[in-house]
>>> print(open('model37.txt').read())   # compact mmCIF, C-alpha atoms
# COMPACT_ATOMS: atom_id res chain seq x y z
CA TYR A 1 -5.20 -3.47 15.89
CA SER A 2 -7.31 -2.20 12.98
CA GLY A 3 -6.99 1.47 12.14
CA THR A 4 -10.31 1.41 10.31
CA ASP A 5 -12.41 1.51 13.47
CA ALA A 6 -13.97 4.90 14.23
CA LYS A 7 -13.22 4.38 17.93
CA SER A 8 -9.48 3.87 17.55
CA GLU A 9 -8.62 6.27 20.35
CA ILE A 10 -10.91 4.46 22.82
CA TYR A 11 -9.49 1.09 21.79
CA LEU A 12 -5.88 2.20 22.19
CA ARG A 13 -6.63 3.77 25.58
CA PHE A 14 -8.17 0.46 26.67
CA LEU A 15 -5.13 -1.49 25.49
CA ARG A 16 -2.76 0.91 27.23
CA LYS A 17 -4.67 0.41 30.49
CA GLU A 18 -5.09 -3.37 30.20
CA ILE A 19 -1.67 -4.21 28.74
CA PRO A 20 0.70 -1.50 30.01
CA SER A 21 3.79 -3.48 29.02
CA VAL A 22 2.99 -2.97 25.32
CA LYS A 23 4.45 0.38 24.33
CA TRP A 24 3.52 0.56 20.65
CA TYR A 25 1.24 -0.94 17.99
CA GLU A 26 1.21 -1.58 14.25
CA SER A 27 -1.85 -1.80 12.03
CA PHE A 28 -3.05 -2.57 8.52
CA ILE A 29 -4.96 0.42 7.23
CA SER A 30 -7.03 1.51 4.26
CA THR A 31 -7.03 4.81 2.42
CA SER A 32 -10.56 5.46 3.68
CA ALA A 33 -9.44 4.96 7.29
CA ILE A 34 -6.58 7.41 6.84
CA LEU A 35 -8.92 10.02 5.38
CA SER A 36 -11.56 9.46 8.08
CA LYS A 37 -9.53 11.22 10.76
CA SER A 38 -8.16 14.72 11.13
CA ILE A 39 -4.49 15.51 11.66
CA ASN A 40 -5.22 16.16 15.36
CA GLU A 41 -7.01 12.82 15.73
CA TRP A 42 -4.05 11.04 14.15
CA LYS A 43 -1.63 12.79 16.47
CA LYS A 44 -3.66 11.62 19.50
CA ILE A 45 -3.69 8.07 18.17
CA MET A 46 0.07 8.17 17.64
CA LYS A 47 0.58 9.39 21.23
CA LEU A 48 -1.41 6.35 22.38
CA GLY A 49 1.12 4.03 20.75
CA LEU A 50 0.31 3.54 17.07
CA LYS A 51 3.78 3.71 15.51
CA LYS A 52 3.49 2.04 12.11
CA VAL A 53 0.80 1.29 9.54
CA TYR A 54 0.74 -1.05 6.55
CA TRP A 55 -1.23 0.77 3.88
CA GLY A 56 -2.97 -1.26 1.16
CA VAL A 57 -2.53 0.98 -1.87
CA GLU A 58 -2.22 -1.82 -4.49
CA SER A 59 -2.01 0.58 -7.47
CA ALA A 60 -2.11 4.29 -8.26
CA ASP A 61 -3.86 3.68 -11.60
CA ASP A 62 -7.58 4.42 -11.34
CA ARG A 63 -8.52 1.78 -13.95
CA ILE A 64 -6.70 -0.95 -12.04
CA LEU A 65 -8.21 0.24 -8.76
CA ILE A 66 -11.68 -0.12 -10.29
CA LEU A 67 -10.79 -3.56 -11.66
CA LEU A 68 -9.61 -4.63 -8.20
CA GLY A 69 -12.77 -3.24 -6.59
CA LYS A 70 -10.86 -0.73 -4.47
CA PRO A 71 -12.87 2.22 -3.13
CA HIS A 72 -10.03 4.74 -3.42
CA THR A 73 -8.72 6.76 -6.36
CA ASN A 74 -5.33 8.15 -7.28
CA LYS A 75 -6.38 11.57 -5.96
CA ARG A 76 -7.45 10.11 -2.60
CA LEU A 77 -4.16 8.21 -2.35
CA TYR A 78 -2.21 11.46 -2.60
CA LYS A 79 -4.46 13.09 -0.01
CA ALA A 80 -3.98 10.17 2.40
CA ALA A 81 -0.20 10.21 1.87
CA SER A 82 -0.18 13.90 2.68
CA ILE A 83 -1.86 13.19 6.02
CA LEU A 84 0.58 10.40 6.92
CA ASN A 85 3.56 12.55 5.95
CA LYS A 86 2.26 15.57 7.91
CA ILE A 87 1.82 13.59 11.11
CA GLY A 88 5.13 11.75 10.69
CA MET A 89 3.57 8.28 10.78
CA HIS A 90 5.89 5.47 9.73
CA TYR A 91 4.09 3.61 6.96
CA VAL A 92 4.69 0.73 4.59
CA VAL A 93 2.98 1.03 1.20
CA ILE A 94 1.67 -2.32 -0.06
CA LEU A 95 1.58 -2.60 -3.85
CA LEU A 96 0.37 -5.32 -6.17
CA SER A 97 2.20 -6.74 -9.16
CA GLY A 98 0.70 -9.04 -11.76
CA VAL A 99 -2.18 -6.72 -12.65
CA ALA A 100 -0.68 -4.50 -15.35
CA ASN A 101 -1.28 -7.02 -18.12
CA LEU A 102 -4.87 -7.78 -17.11
CA ASN A 103 -6.03 -4.65 -18.91
CA TYR A 104 -3.72 -3.38 -21.65
CA GLU A 105 -5.18 0.14 -21.46
CA ASN A 106 -3.61 1.07 -18.13
CA ASN A 107 -0.43 2.59 -16.79
CA HIS A 108 -0.32 0.68 -13.51
CA ILE A 109 3.45 0.47 -13.15
CA GLU A 110 4.22 4.01 -14.31
CA LYS A 111 1.50 5.70 -12.21
CA THR A 112 2.30 3.59 -9.17
CA ALA A 113 6.05 4.27 -9.42
CA LYS A 114 5.34 8.00 -9.81
CA PHE A 115 3.09 7.91 -6.74
CA ILE A 116 5.80 6.19 -4.66
CA ARG A 117 8.37 8.77 -5.79
CA ASP A 118 6.03 11.72 -5.25
CA ILE A 119 5.10 10.76 -1.69
CA LYS A 120 8.73 9.86 -0.91
CA ALA A 121 7.77 6.47 0.51
CA THR A 122 10.64 4.87 2.38
CA ASP A 123 9.13 1.40 2.86
CA VAL A 124 7.35 -0.51 0.10
CA TYR A 125 6.09 -4.08 0.01
CA VAL A 126 5.28 -5.56 -3.40
CA SER A 127 2.86 -8.45 -3.32
CA ARG A 128 1.91 -10.64 -6.27
CA LEU A 129 -1.69 -10.98 -7.44
CA THR A 130 -3.08 -14.43 -6.73
CA PRO A 131 -6.69 -14.55 -7.94
CA ARG A 132 -8.76 -16.36 -5.31
CA PRO A 133 -11.80 -18.49 -6.24
CA ASN A 134 -15.18 -16.78 -5.93
CA THR A 135 -13.73 -13.27 -6.23
CA GLU A 136 -14.78 -10.92 -9.00
CA ILE A 137 -11.34 -10.85 -10.62
CA PHE A 138 -11.08 -14.65 -10.50
CA ASN A 139 -14.49 -14.95 -12.18
CA LEU A 140 -13.52 -12.40 -14.87
CA ILE A 141 -10.37 -14.41 -15.65
CA LYS A 142 -12.24 -17.72 -15.57
CA GLY A 143 -14.95 -16.27 -17.86
CA GLY A 144 -12.36 -15.07 -20.39
CA LYS A 145 -13.08 -11.36 -19.87
CA LEU A 146 -9.57 -10.86 -18.50
CA ILE A 147 -6.46 -12.76 -19.49
CA PHE A 148 -4.24 -13.66 -16.58
CA PRO A 149 -0.62 -13.10 -17.64
CA SER A 150 1.69 -16.08 -17.98
CA PRO A 151 4.22 -16.76 -15.20
CA SER A 152 7.01 -15.19 -17.28
CA GLU A 153 4.90 -12.07 -17.97
CA ARG A 154 4.07 -11.75 -14.26
CA GLU A 155 7.75 -12.18 -13.38
CA ALA A 156 8.76 -9.49 -15.88
CA GLU A 157 6.12 -7.11 -14.53
CA HIS A 158 7.17 -7.77 -10.93
CA ARG A 159 10.82 -7.03 -11.69
CA THR A 160 9.92 -3.93 -13.74
CA MET A 161 7.82 -2.60 -10.87
CA ILE A 162 10.63 -3.23 -8.37
CA LYS A 163 13.10 -1.41 -10.61
CA MET A 164 10.82 1.56 -11.26
CA ILE A 165 9.93 2.13 -7.61
CA SER A 166 13.58 1.71 -6.61
CA CYS A 167 14.73 4.59 -8.82
CA ASN A 168 14.07 8.27 -9.30
CA GLU A 169 13.07 9.81 -12.63
CA GLU A 170 16.72 9.74 -13.78
CA SER A 171 16.99 5.97 -13.05
CA HIS A 172 19.23 6.47 -10.01
CA PHE A 173 18.62 4.20 -7.03
CA ILE A 174 16.96 5.82 -4.05
CA ALA A 175 19.23 4.87 -1.17
CA ASP A 176 16.75 5.31 1.66
CA ARG A 177 13.91 3.27 0.14
CA SER A 178 13.43 -0.28 1.41
CA ILE A 179 11.57 -2.58 -0.96
CA ARG A 180 10.43 -6.02 0.10
CA GLY A 181 7.99 -8.53 -1.21
CA THR A 182 7.77 -11.92 -2.75
CA TYR A 183 11.54 -12.15 -2.96
CA GLY A 184 12.26 -10.89 0.53
CA VAL A 185 15.10 -8.45 1.06
CA GLN A 186 17.21 -9.11 -2.02
CA PHE A 187 15.94 -5.89 -3.62
CA ASN A 188 17.29 -3.68 -0.83
CA ARG A 189 20.48 -1.84 -1.57
>>> encode(input="model37.txt", output="structure tokens")
Amino acid sequence: YSGTDAKSEIYLRFLRKEIPSVKWYESFISTSAILSKSINEWKKIMKLGLKKVYWGVESADDRILILLGKPHTNKRLYKAASILNKIGMHYVVILLSGVANLNYENNHIEKTAKFIRDIKATDVYVSRLTPRPNTEIFNLIKGGKLIFPSPSEREAEHRTMIKMISCNEESHFIADRSIRGTYGVQFNR
């Protein structure tokens, strides 16, 4: 199921009718899709069986979001999180590591960790950047306009991000936050 479709309610009603044995659904979702619906629309969709969404945030740093070609901003991320929290939707925030060193004038890790703390995310998935051929970021790296960090730099960034989103401002672990990603569940407490 894709939560980006404007006719989500119609689609879920159809599924409920055609496949009554399925009681709930999960979906990948974008910030734009979250913001495209009112609180009441989201509540209706939840009643129709949408129980969990996987939200592609990637970063809370506006410069990195631009570099990645993402249409959302830090401000829109907070607004979308507010909606999800108000409706009580279970969500997994998907973040991206391996991008902080692409542009040395950013605060990707710090801003992203702050965002995760501020919205009180309980489930976070950290994915590693793998530039794919024929994408803008791949072409920028290939053309020498961006320097892709070495494996050891990417590893250090990944571990720093995990640590920062696992802790509060006083560096104490947040017990009810589940963090998964490239390394699986070893980062859970």
>>> atom_distance(input="model37.txt", atom1="atom CA of A:Ala60", atom2="atom CA of A:Ala113")
8.2 Å
>>> closest_residue(input="model37.txt", among="A:Ala100, A:Leu77, A:Leu95, A:Leu48", to="A:Phe14", atoms="only C-alpha atoms")
A:Leu48
>>> atom_distance(input="model37.txt", atom1="atom CA of A:Lys52", atom2="atom CA of A:Met89")
6.4 Å
>>> closest_residue(input="model37.txt", among="A:Arg117, A:Arg13, A:Lys23, A:Arg154", to="A:Val93", atoms="all atoms listed in the file")
A:Arg117
>>> atom_distance(input="model37.txt", atom1="atom CA of A:Glu9", atom2="atom CA of A:Tyr91")
18.7 Å
>>> residues_near_point(input="model37.txt", point="(5.3, -2.8, -0.8)", cutoff="9 Å", atoms="all atoms listed in the file", output="compact mmCIF listing (two decimals) with C-alpha atoms, in the coordinates of the input")
# COMPACT_ATOMS: atom_id res chain seq x y z
CA TYR A 54 0.74 -1.05 6.55
CA TRP A 55 -1.23 0.77 3.88
CA GLY A 56 -2.97 -1.26 1.16
CA VAL A 57 -2.53 0.98 -1.87
CA GLU A 58 -2.22 -1.82 -4.49
CA VAL A 92 4.69 0.73 4.59
CA VAL A 93 2.98 1.03 1.20
CA ILE A 94 1.67 -2.32 -0.06
CA LEU A 95 1.58 -2.60 -3.85
CA LEU A 96 0.37 -5.32 -6.17
CA ASP A 123 9.13 1.40 2.86
CA VAL A 124 7.35 -0.51 0.10
CA TYR A 125 6.09 -4.08 0.01
CA VAL A 126 5.28 -5.56 -3.40
CA SER A 127 2.86 -8.45 -3.32
CA SER A 178 13.43 -0.28 1.41
CA ILE A 179 11.57 -2.58 -0.96
CA ARG A 180 10.43 -6.02 0.10
CA GLY A 181 7.99 -8.53 -1.21
>>> closest_residue(input="model37.txt", among="A:Cys167, A:Ile87, A:Val99, A:Leu140", to="A:Met46", atoms="only C-alpha atoms")
A:Ile87
>>> residues_around(input="model37.txt", residues="A:Leu12", least_positions_apart="6", cutoff="10 Å", atoms="only C-alpha atoms", output="PyMOL selection string")
chain A and resi 1+18+24-25+45-50
>>> axis_aligned_box(input="model37.txt", around="stretch 86-97 of chain A", padding_each_side="5 Å", output="lines of an AutoDock Vina configuration file")
center_x = 3.1
center_y = 4.4
center_z = 1.0
size_x = 15.5
size_y = 32.3
size_z = 30.3
